[in-house]
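To keep things clear, I will list the structure first and then write my remarks on it.
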Amino acid sequence: MADVLSFTAFTCERILQEMDGSISAIRLIDIFRVPVPIPPDFQIVFWLVAIAKYGIGQKPGEADFKLTQIRTNGERKDLGTHKAASLINEIDGQLVVPGLGLIVQFNMKVDTIGTDYIEIELDGRLCAKLPITLLATKPQGK
């Protein structure tokens, strides 16, 4: 596999894909308000985006993104391994920086307040650790 030139990862509220294939991330977010007491089966919903870029002329080939949630209490939860999607490396016959990407939606069950983390590995190498902070919100009128 080629060497990673840069790696970007973030969470957001919404992803839009245009007709030309371009993607827009809407409302970057890593802090979520959670009602207390936490209702049974309460979930937060967000998108995770991860992009690895390589040098011009390199061919990244196939790769896997492995995601792991580290809960506030230290428990580790496997969120699965996802095949990386190959990004374009040429436009109109001109080379552009090639890359691999992952866009995945999460419905994360919440049962504690605090900060969880999502580790992102690319072919076994830890590339990012994203915080997901869960803040207590008291019910209105109390």
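So you can find residues: chains in the structure tokens are A, B, ... in the order shown, residues in each start at 1, and ligands are numbered from 1 in order.
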
| Residue neighbourhood segment 112-126 of chain A, 9 Å, only C-alpha atoms, exclusion window fewer than 5 positions, as number ranges by chain | A: 9, 31, 34, 36, 38, 50, 52, 63-74, 79, 84, 131-136

Residues just named, written with N, CA, C and O atoms as a JSON list (two decimals), in the first residue's frame:
```json
[["chain", "number", "residue", "atom", "x", "y", "z"],
["A", 9, "ALA", "N", -10.56, 13.19, 9.36],
["A", 9, "ALA", "CA", -11.75, 12.50, 9.87],
["A", 9, "ALA", "C", -12.57, 13.48, 10.70],
["A", 9, "ALA", "O", -12.02, 14.33, 11.39],
["A", 31, "ILE", "N", -20.56, 17.14, 19.85],
["A", 31, "ILE", "CA", -21.18, 17.29, 21.17],
["A", 31, "ILE", "C", -22.69, 17.11, 20.98],
["A", 31, "ILE", "O", -23.30, 17.75, 20.12],
["A", 34, "VAL", "N", -28.12, 15.12, 25.74],
["A", 34, "VAL", "CA", -28.84, 13.89, 26.07],
["A", 34, "VAL", "C", -29.78, 14.19, 27.24],
["A", 34, "VAL", "O", -29.33, 14.71, 28.27],
["A", 36, "VAL", "N", -31.77, 13.74, 30.61],
["A", 36, "VAL", "CA", -31.53, 12.95, 31.82],
["A", 36, "VAL", "C", -32.80, 13.02, 32.66],
["A", 36, "VAL", "O", -33.33, 14.11, 32.89],
["A", 38, "ILE", "N", -31.90, 9.30, 31.03],
["A", 38, "ILE", "CA", -31.79, 8.88, 29.64],
["A", 38, "ILE", "C", -32.91, 7.89, 29.34],
["A", 38, "ILE", "O", -33.03, 6.86, 30.00],
["A", 50, "ALA", "N", -14.15, 9.79, 6.82],
["A", 50, "ALA", "CA", -12.69, 9.59, 6.91],
["A", 50, "ALA", "C", -12.12, 9.57, 5.50],
["A", 50, "ALA", "O", -12.66, 8.89, 4.62],
["A", 52, "ALA", "N", -8.34, 9.42, 3.36],
["A", 52, "ALA", "CA", -6.87, 9.28, 3.29],
["A", 52, "ALA", "C", -6.44, 9.72, 1.91],
["A", 52, "ALA", "O", -7.01, 9.29, 0.90],
["A", 63, "ALA", "N", -8.22, -1.01, 0.70],
["A", 63, "ALA", "CA", -7.88, -0.88, 2.13],
["A", 63, "ALA", "C", -9.15, -1.02, 2.95],
["A", 63, "ALA", "O", -10.26, -0.90, 2.44],
["A", 64, "ASP", "N", -8.95, -1.27, 4.23],
["A", 64, "ASP", "CA", -10.06, -1.39, 5.17],
["A", 64, "ASP", "C", -9.96, -0.33, 6.25],
["A", 64, "ASP", "O", -8.87, -0.07, 6.77],
["A", 65, "PHE", "N", -11.11, 0.28, 6.58],
["A", 65, "PHE", "CA", -11.21, 1.15, 7.74],
["A", 65, "PHE", "C", -11.83, 0.32, 8.86],
["A", 65, "PHE", "O", -12.91, -0.25, 8.69],
["A", 66, "LYS", "N", -11.16, 0.24, 10.00],
["A", 66, "LYS", "CA", -11.71, -0.46, 11.16],
["A", 66, "LYS", "C", -12.10, 0.60, 12.18],
["A", 66, "LYS", "O", -11.31, 1.49, 12.50],
["A", 67, "LEU", "N", -13.33, 0.51, 12.69],
["A", 67, "LEU", "CA", -13.85, 1.48, 13.64],
["A", 67, "LEU", "C", -14.09, 0.81, 14.98],
["A", 67, "LEU", "O", -14.67, -0.28, 15.04],
["A", 68, "THR", "N", -13.65, 1.48, 16.05],
["A", 68, "THR", "CA", -13.84, 0.96, 17.41],
["A", 68, "THR", "C", -14.34, 2.10, 18.29],
["A", 68, "THR", "O", -13.76, 3.18, 18.30],
["A", 69, "GLN", "N", -15.41, 1.86, 19.03],
["A", 69, "GLN", "CA", -15.92, 2.83, 19.99],
["A", 69, "GLN", "C", -15.27, 2.55, 21.35],
["A", 69, "GLN", "O", -15.24, 1.40, 21.80],
["A", 70, "ILE", "N", -14.74, 3.59, 21.97],
["A", 70, "ILE", "CA", -14.22, 3.47, 23.33],
["A", 70, "ILE", "C", -15.19, 4.24, 24.22],
["A", 70, "ILE", "O", -15.29, 5.47, 24.13],
["A", 71, "ARG", "N", -15.91, 3.52, 25.03],
["A", 71, "ARG", "CA", -16.96, 4.13, 25.84],
["A", 71, "ARG", "C", -16.36, 4.87, 27.03],
["A", 71, "ARG", "O", -15.21, 4.69, 27.38],
["A", 72, "THR", "N", -17.17, 5.72, 27.64],
["A", 72, "THR", "CA", -16.76, 6.51, 28.80],
["A", 72, "THR", "C", -16.16, 5.64, 29.90],
["A", 72, "THR", "O", -15.19, 6.02, 30.55],
["A", 73, "ASN", "N", -16.69, 4.43, 30.06],
["A", 73, "ASN", "CA", -16.20, 3.52, 31.11],
["A", 73, "ASN", "C", -14.98, 2.70, 30.66],
["A", 73, "ASN", "O", -14.53, 1.82, 31.38],
["A", 74, "GLY", "N", -14.45, 2.97, 29.46],
["A", 74, "GLY", "CA", -13.27, 2.26, 28.97],
["A", 74, "GLY", "C", -13.57, 1.03, 28.14],
["A", 74, "GLY", "O", -12.68, 0.47, 27.49],
["A", 79, "LEU", "N", -17.01, -1.59, 15.96],
["A", 79, "LEU", "CA", -18.04, -1.02, 15.10],
["A", 79, "LEU", "C", -17.92, -1.53, 13.67],
["A", 79, "LEU", "O", -18.58, -1.03, 12.77],
["A", 84, "ALA", "N", -12.74, 0.59, 2.08],
["A", 84, "ALA", "CA", -12.55, 1.98, 1.67],
["A", 84, "ALA", "C", -13.00, 2.15, 0.23],
["A", 84, "ALA", "O", -12.76, 1.29, -0.61],
["A", 131, "PRO", "N", -13.59, 12.37, 19.37],
["A", 131, "PRO", "CA", -14.44, 12.42, 20.58],
["A", 131, "PRO", "C", -15.91, 12.57, 20.21],
["A", 131, "PRO", "O", -16.26, 13.26, 19.26],
["A", 132, "ILE", "N", -16.75, 11.90, 20.97],
["A", 132, "ILE", "CA", -18.20, 12.05, 20.88],
["A", 132, "ILE", "C", -18.64, 12.36, 22.31],
["A", 132, "ILE", "O", -18.68, 11.48, 23.17],
["A", 133, "THR", "N", -18.93, 13.64, 22.59],
["A", 133, "THR", "CA", -19.27, 14.08, 23.94],
["A", 133, "THR", "C", -20.77, 14.10, 24.13],
["A", 133, "THR", "O", -21.50, 14.68, 23.32],
["A", 134, "LEU", "N", -21.22, 13.48, 25.20],
["A", 134, "LEU", "CA", -22.64, 13.37, 25.53],
["A", 134, "LEU", "C", -22.89, 14.21, 26.79],
["A", 134, "LEU", "O", -22.40, 13.86, 27.87],
["A", 135, "LEU", "N", -23.61, 15.33, 26.63],
["A", 135, "LEU", "CA", -23.88, 16.25, 27.73],
["A", 135, "LEU", "C", -25.29, 16.05, 28.25],
["A", 135, "LEU", "O", -26.24, 15.91, 27.47],
["A", 136, "ALA", "N", -25.43, 16.08, 29.57],
["A", 136, "ALA", "CA", -26.73, 15.93, 30.20],
["A", 136, "ALA", "C", -27.56, 17.18, 30.01],
["A", 136, "ALA", "O", -27.07, 18.30, 30.18]]
```

| field | Contacts of Leu100 of chain A within 8 Å, only C-alpha atoms, excl. fewer than 2 positions in-chain, as a list of chain:residue names | value |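 The residues satisfying every condition are A:Ile51, A:Ala52, A:Lys53, A:Pro60, A:Ala63, A:Ala84, A:Ala85, A:Ser86, A:Leu87, A:Pro98, A:Leu102.
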
| field | Leu95 of chain A environment, 9 Å, only C-alpha atoms, sequence neighbours closer than 5 positions dropped, as a list in words | value |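 Surrounding residues, per the criterion: Ile56, Gly57, Asn89 and Glu90 of chain A.
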
With N, CA, C and O atoms retained, export the selected residues as a PDB file, in the first residue's frame.
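See selection07.pdb below for the written result:
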```pdb
ATOM      1  N   ILE A  56       0.467  12.184  -5.745  1.00  0.00           N
ATOM      2  CA  ILE A  56       0.087  12.068  -7.159  1.00  0.00           C
ATOM      3  C   ILE A  56       0.876  10.923  -7.789  1.00  0.00           C
ATOM      4  O   ILE A  56       2.078  10.785  -7.573  1.00  0.00           O
ATOM      5  N   GLY A  57       0.168  10.096  -8.523  1.00  0.00           N
ATOM      6  CA  GLY A  57       0.799   8.970  -9.190  1.00  0.00           C
ATOM      7  C   GLY A  57       0.795   7.695  -8.365  1.00  0.00           C
ATOM      8  O   GLY A  57       1.009   6.611  -8.890  1.00  0.00           O
ATOM      9  N   ASN A  89      -8.740   9.793  -9.145  1.00  0.00           N
ATOM     10  CA  ASN A  89      -7.320  10.153  -9.223  1.00  0.00           C
ATOM     11  C   ASN A  89      -6.975  10.816 -10.546  1.00  0.00           C
ATOM     12  O   ASN A  89      -5.826  11.084 -10.836  1.00  0.00           O
ATOM     13  N   GLU A  90      -8.018  11.089 -11.350  1.00  0.00           N
ATOM     14  CA  GLU A  90      -7.805  11.744 -12.644  1.00  0.00           C
ATOM     15  C   GLU A  90      -9.080  12.475 -13.050  1.00  0.00           C
ATOM     16  O   GLU A  90     -10.179  11.958 -12.881  1.00  0.00           O
TER      17      GLU A  90
END
```

| Restricting the calculation to only C-alpha atoms, which member of A:Gln94, A:Thr81, A:Thr11, A:Thr137 is positioned closest to Ala25 of chain A? | A:Thr11

| task | Go through chain A and collect every residue that DSSP, computed from the backbone, puts in strand (DSSP E); the answer should be as a ChimeraX atom specification. | result | /A:4-17,23-28,31-35,43-54,64-70,76-83,85-86,90-91,94-95,99-109,114-122,125-137
